[in-house]
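Trainee: This is the structure, below, for whatever I ask next.
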Amino acid sequence: PPAPAPPPPPEPPQLAPPPLVRASRVPPPAAALSAAEQRASDVMLAAERKKESSSKWREMKRRREALPAAAKKEELLEALRTRSVVVVSGETGCGKTTQVPQFVLDDAIANGRGGACSIICTQPRRISAIGVSERVAAERDEPLGHTVGYSIRLESKRSSATRLLFCTTGVLLRRLHADGGLKGVSHVIVDEVHERSLDGDFLLIVLRDLLVMRPELRLVLMSATLNADLFASYFGLSPPAPPRALSAALASSGAPPPEAEPLPAAGAPEVAD
């Protein structure tokens with residue numbers, strides 16, 4: 001009898017499509033660097049150039065560039081240069097959680113502004129904050145706690161050199177209670193924003209008020225399932241809420257203030273580009 005036909009070759013794995021990027025609000029121009037920020041920027045730029053001789057770093061860079069999120073890198077960075085609020089929606093596996101914060105940090109370092117860049121990226125769970133920070137530090141070929149760190153309740157791994165901090169929503173709310181203006185922070189990234197909770201919704205209300213006091217702050221909202229127009233409208237197109245004391249707001253029940261319409265329940269379909 002004739003030999004059986006060989007099985008067909010396996011299909012290559014299907015990558016998730018690149019994320020969608022929406023933006024609103026026009027920020028003021030970037031401020032000039034202080035002497036300390038300029039020195040830190042020079043050190044960070046020299047360290048990044050030194051990595052180019054590392055085979056491990058080059059391999060990690062090749063893997064990062066193969067992720068679907070890399071296709072939207074320039075669009076995202078351009079949106080952040082010209083807008084205060086950017087909404088990113090992308091399917092699970094596209095690389096937005098690990099890559100978007102690095103896009104921001106890498107761009108700041110390459111443009112000589114790494115010393116003025118301080119990114120806080122919230123995660124809904126403690127294990128996510130730790131796991132993502134470990135992955136990002138490995139991709140950057142750096143020890144955890146140097147440029148990339150994390151902070152969760154009763155535990156943190158960071159240093160004075162940390163420029164990208166992953167933390168839980170509760171940690172950021174506690175920092176806002178102590179420092180309502182987030183002094184020194186240049187970017188806030190809220191990941192998995194569709195995972196609605198009392199803390200998460202209250203954080204969005206506080207950040208919306210903060211943008212009135214600090215228009216130079218950049219805010220990025222990310223999720224796998226997200227009505228982008230809803231959040232872009234809430235932060236950019238609707239009238240901004242006037243600033244109020246955070247301590248008084250924290251003492252309240254957490255309900256949206258009268259001047260800010262509450263966000264409807266999650267579950268709306270993803271908006272096409």
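Identifiers for the structure tokens are assigned positionally: chains receive A, B, ... in sequence, residues are indexed from 1 per chain, and ligands are indexed from 1 in the order shown.
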Counting only C-alpha atoms, what are the residues of segment 79-190 of chain A within 9 Å of segment 47-51 of chain A, and for each of them which pair of atoms is the nearest and at what distance in Å, to one decimal? Sort the table by chain and rising number, as JSON lines.
Mentor:
{"residue": "A:Asp106", "atom": "CA", "partner": "A:Glu48", "partner_atom": "CA", "distance": 8.8}
{"residue": "A:Ile109", "atom": "CA", "partner": "A:Glu48", "partner_atom": "CA", "distance": 8.1}
{"residue": "A:Ala110", "atom": "CA", "partner": "A:Glu48", "partner_atom": "CA", "distance": 8.6}
{"residue": "A:Arg140", "atom": "CA", "partner": "A:Lys51", "partner_atom": "CA", "distance": 8.7}
{"residue": "A:Asp141", "atom": "CA", "partner": "A:Lys51", "partner_atom": "CA", "distance": 7.9}
Trainee: Using only C-alpha atoms, which of the listed residues (A:Lys56, A:Arg175, A:Arg113, A:Arg214) sits closest to Asp42 of chain A?
Mentor: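 Comparing A:Lys56, A:Arg175, A:Arg113, A:Arg214 against Asp42 of chain A, the winner is A:Arg113.
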Trainee: Can you work out the spacing between atom CA of Gly112 of chain A and atom CA of Ser41 of chain A in Å, to one decimal?
Mentor: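 Taking atom CA of Gly112 of chain A as the start and atom CA of Ser41 of chain A as the end point, the length is 5.5 Å.
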Trainee: Hey, can you check how far atom CA of Met213 of chain A sits from atom CA of Thr82 of chain A?
Mentor: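 Interatomic distance, atom CA of Met213 of chain A to atom CA of Thr82 of chain A: 18.0 Å.
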Trainee: Leaving out Ser186 of chain A and any residue of its chain fewer than 2 positions from it, which residues lie within 10 Å of it when counting only C-alpha atoms, given as a ChimeraX atom specification?
Mentor: /A:116-120,163,182-184,188,214,216-219
Trainee: Atom CA of Met60 of chain A to atom CA of Pro101 of chain A: how many Å, to one decimal?
Mentor: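 These two atoms are separated by 15.7 Å.
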Trainee: Run DSSP on the backbone of this structure and report the residues of segment 26-264 of chain A it assigns to strand (DSSP E or B), as a VMD selection string.
Mentor: chain A and resid 85 to 89 119 to 123 148 to 152 155 to 157 164 to 168 187 to 190 218 to 223
Trainee: Keeping only N, CA and C atoms, take the residues you just selected and write them out as an mmCIF file, in the first residue's frame.
Mentor:
data_model
loop_
_atom_site.group_PDB
_atom_site.id
_atom_site.type_symbol
_atom_site.label_atom_id
_atom_site.label_comp_id
_atom_site.auth_asym_id
_atom_site.auth_seq_id
_atom_site.Cartn_x
_atom_site.Cartn_y
_atom_site.Cartn_z
ATOM 1 N N VAL A 85 -3.679 63.095 27.750
ATOM 2 C CA VAL A 85 -4.350 61.834 28.055
ATOM 3 C C VAL A 85 -4.353 60.963 26.811
ATOM 4 N N VAL A 86 -3.874 59.731 26.949
ATOM 5 C CA VAL A 86 -3.840 58.781 25.842
ATOM 6 C C VAL A 86 -4.502 57.489 26.301
ATOM 7 N N VAL A 87 -5.408 56.977 25.482
ATOM 8 C CA VAL A 87 -6.114 55.735 25.781
ATOM 9 C C VAL A 87 -5.627 54.668 24.816
ATOM 10 N N VAL A 88 -5.132 53.544 25.351
ATOM 11 C CA VAL A 88 -4.598 52.448 24.548
ATOM 12 C C VAL A 88 -5.427 51.197 24.801
ATOM 13 N N SER A 89 -5.973 50.625 23.745
ATOM 14 C CA SER A 89 -6.719 49.372 23.878
ATOM 15 C C SER A 89 -6.101 48.336 22.950
ATOM 16 N N ILE A 119 7.885 57.456 35.886
ATOM 17 C CA ILE A 119 6.651 56.796 35.446
ATOM 18 C C ILE A 119 6.110 55.920 36.565
ATOM 19 N N ILE A 120 4.834 56.060 36.859
ATOM 20 C CA ILE A 120 4.139 55.154 37.768
ATOM 21 C C ILE A 120 3.134 54.369 36.951
ATOM 22 N N CYS A 121 3.211 53.050 37.032
ATOM 23 C CA CYS A 121 2.296 52.176 36.284
ATOM 24 C C CYS A 121 1.544 51.308 37.281
ATOM 25 N N THR A 122 0.234 51.471 37.352
ATOM 26 C CA THR A 122 -0.555 50.713 38.312
ATOM 27 C C THR A 122 -0.972 49.364 37.728
ATOM 28 N N GLN A 123 -1.049 48.380 38.611
ATOM 29 C CA GLN A 123 -1.536 47.054 38.283
ATOM 30 C C GLN A 123 -2.643 46.695 39.268
ATOM 31 N N VAL A 148 14.022 50.069 37.041
ATOM 32 C CA VAL A 148 12.672 49.516 37.145
ATOM 33 C C VAL A 148 12.491 48.924 38.539
ATOM 34 N N GLY A 149 11.377 49.250 39.185
ATOM 35 C CA GLY A 149 11.100 48.726 40.513
ATOM 36 C C GLY A 149 9.620 48.497 40.718
ATOM 37 N N TYR A 150 9.267 48.069 41.916
ATOM 38 C CA TYR A 150 7.856 47.871 42.240
ATOM 39 C C TYR A 150 7.609 48.294 43.682
ATOM 40 N N SER A 151 6.335 48.562 43.980
ATOM 41 C CA SER A 151 5.938 48.917 45.332
ATOM 42 C C SER A 151 4.542 48.374 45.576
ATOM 43 N N ILE A 152 4.416 47.499 46.562
ATOM 44 C CA ILE A 152 3.127 46.972 46.974
ATOM 45 C C ILE A 152 3.026 47.167 48.475
ATOM 46 N N GLU A 155 5.847 46.037 51.034
ATOM 47 C CA GLU A 155 7.023 45.545 50.312
ATOM 48 C C GLU A 155 7.306 46.448 49.122
ATOM 49 N N SER A 156 8.571 46.714 48.901
ATOM 50 C CA SER A 156 8.960 47.493 47.724
ATOM 51 C C SER A 156 10.386 47.158 47.353
ATOM 52 N N LYS A 157 10.704 47.356 46.097
ATOM 53 C CA LYS A 157 12.067 47.177 45.592
ATOM 54 C C LYS A 157 12.314 48.303 44.607
ATOM 55 N N LEU A 164 10.882 53.876 36.538
ATOM 56 C CA LEU A 164 9.646 53.184 36.157
ATOM 57 C C LEU A 164 9.222 52.318 37.330
ATOM 58 N N LEU A 165 8.143 52.706 37.994
ATOM 59 C CA LEU A 165 7.686 52.019 39.198
ATOM 60 C C LEU A 165 6.330 51.383 38.943
ATOM 61 N N PHE A 166 6.250 50.068 39.141
ATOM 62 C CA PHE A 166 4.980 49.348 39.061
ATOM 63 C C PHE A 166 4.420 49.219 40.479
ATOM 64 N N CYS A 167 3.145 49.527 40.639
ATOM 65 C CA CYS A 167 2.544 49.476 41.963
ATOM 66 C C CYS A 167 1.071 49.130 41.851
ATOM 67 N N THR A 168 0.449 48.826 42.972
ATOM 68 C CA THR A 168 -0.987 48.569 42.992
ATOM 69 C C THR A 168 -1.741 49.898 43.058
ATOM 70 N N HIS A 187 4.650 60.752 34.302
ATOM 71 C CA HIS A 187 3.649 59.922 33.620
ATOM 72 C C HIS A 187 2.964 58.999 34.619
ATOM 73 N N VAL A 188 1.663 58.848 34.468
ATOM 74 C CA VAL A 188 0.906 57.840 35.213
ATOM 75 C C VAL A 188 0.239 56.931 34.189
ATOM 76 N N ILE A 189 0.484 55.628 34.307
ATOM 77 C CA ILE A 189 -0.111 54.636 33.414
ATOM 78 C C ILE A 189 -1.019 53.748 34.248
ATOM 79 N N VAL A 190 -2.291 53.703 33.888
ATOM 80 C CA VAL A 190 -3.262 52.857 34.587
ATOM 81 C C VAL A 190 -3.558 51.668 33.686
ATOM 82 N N ARG A 218 1.313 63.473 32.094
ATOM 83 C CA ARG A 218 0.789 62.608 31.034
ATOM 84 C C ARG A 218 0.092 61.412 31.675
ATOM 85 N N LEU A 219 -1.085 61.093 31.179
ATOM 86 C CA LEU A 219 -1.868 59.977 31.697
ATOM 87 C C LEU A 219 -2.162 59.004 30.568
ATOM 88 N N VAL A 220 -1.852 57.723 30.789
ATOM 89 C CA VAL A 220 -2.115 56.668 29.811
ATOM 90 C C VAL A 220 -3.047 55.649 30.447
ATOM 91 N N LEU A 221 -4.156 55.358 29.790
ATOM 92 C CA LEU A 221 -5.108 54.339 30.240
ATOM 93 C C LEU A 221 -5.019 53.159 29.294
ATOM 94 N N MET A 222 -4.846 51.947 29.846
ATOM 95 C CA MET A 222 -4.653 50.766 29.000
ATOM 96 C C MET A 222 -5.586 49.643 29.443
ATOM 97 N N SER A 223 -6.048 48.884 28.456
ATOM 98 C CA SER A 223 -6.872 47.723 28.760
ATOM 99 C C SER A 223 -6.992 46.839 27.542
#
Trainee: From a DSSP pass on the backbone, collect the residues of segment 75-104 of chain A flagged as helix (DSSP H, G or I) and hand them back as a ChimeraX atom specification.
Mentor: /A:75-82,96-104
Trainee: I need the residue nearest Asp201 of chain A from this list: A:Pro124, A:Pro29, A:Asp179, A:Ser159. Use only C-alpha atoms for the distance.
Mentor: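 Selected residue with least distance to Asp201 of chain A: A:Pro124.
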Trainee: Rank nothing, just name the residue among A:Ser233, A:Asp107, A:Pro215, A:Ile127 nearest to Glu74 of chain A, using only C-alpha atoms.
Mentor: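 Looking only at the distances to Glu74 of chain A, the closest residue turns out to be A:Asp107.
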Trainee: Looking at only C-alpha atoms, which of A:Ala129, A:Ala161, A:Leu154, A:Val136 is the one that sits closest to Asp191 of chain A?
Mentor: A:Ala129
Trainee: Residues at most 10 Å from Ser160 of chain A, counting only C-alpha atoms, excluding those fewer than 3 positions away in the same chain, as an MDAnalysis selection string?
Mentor: chainID A and resid 145:147 163
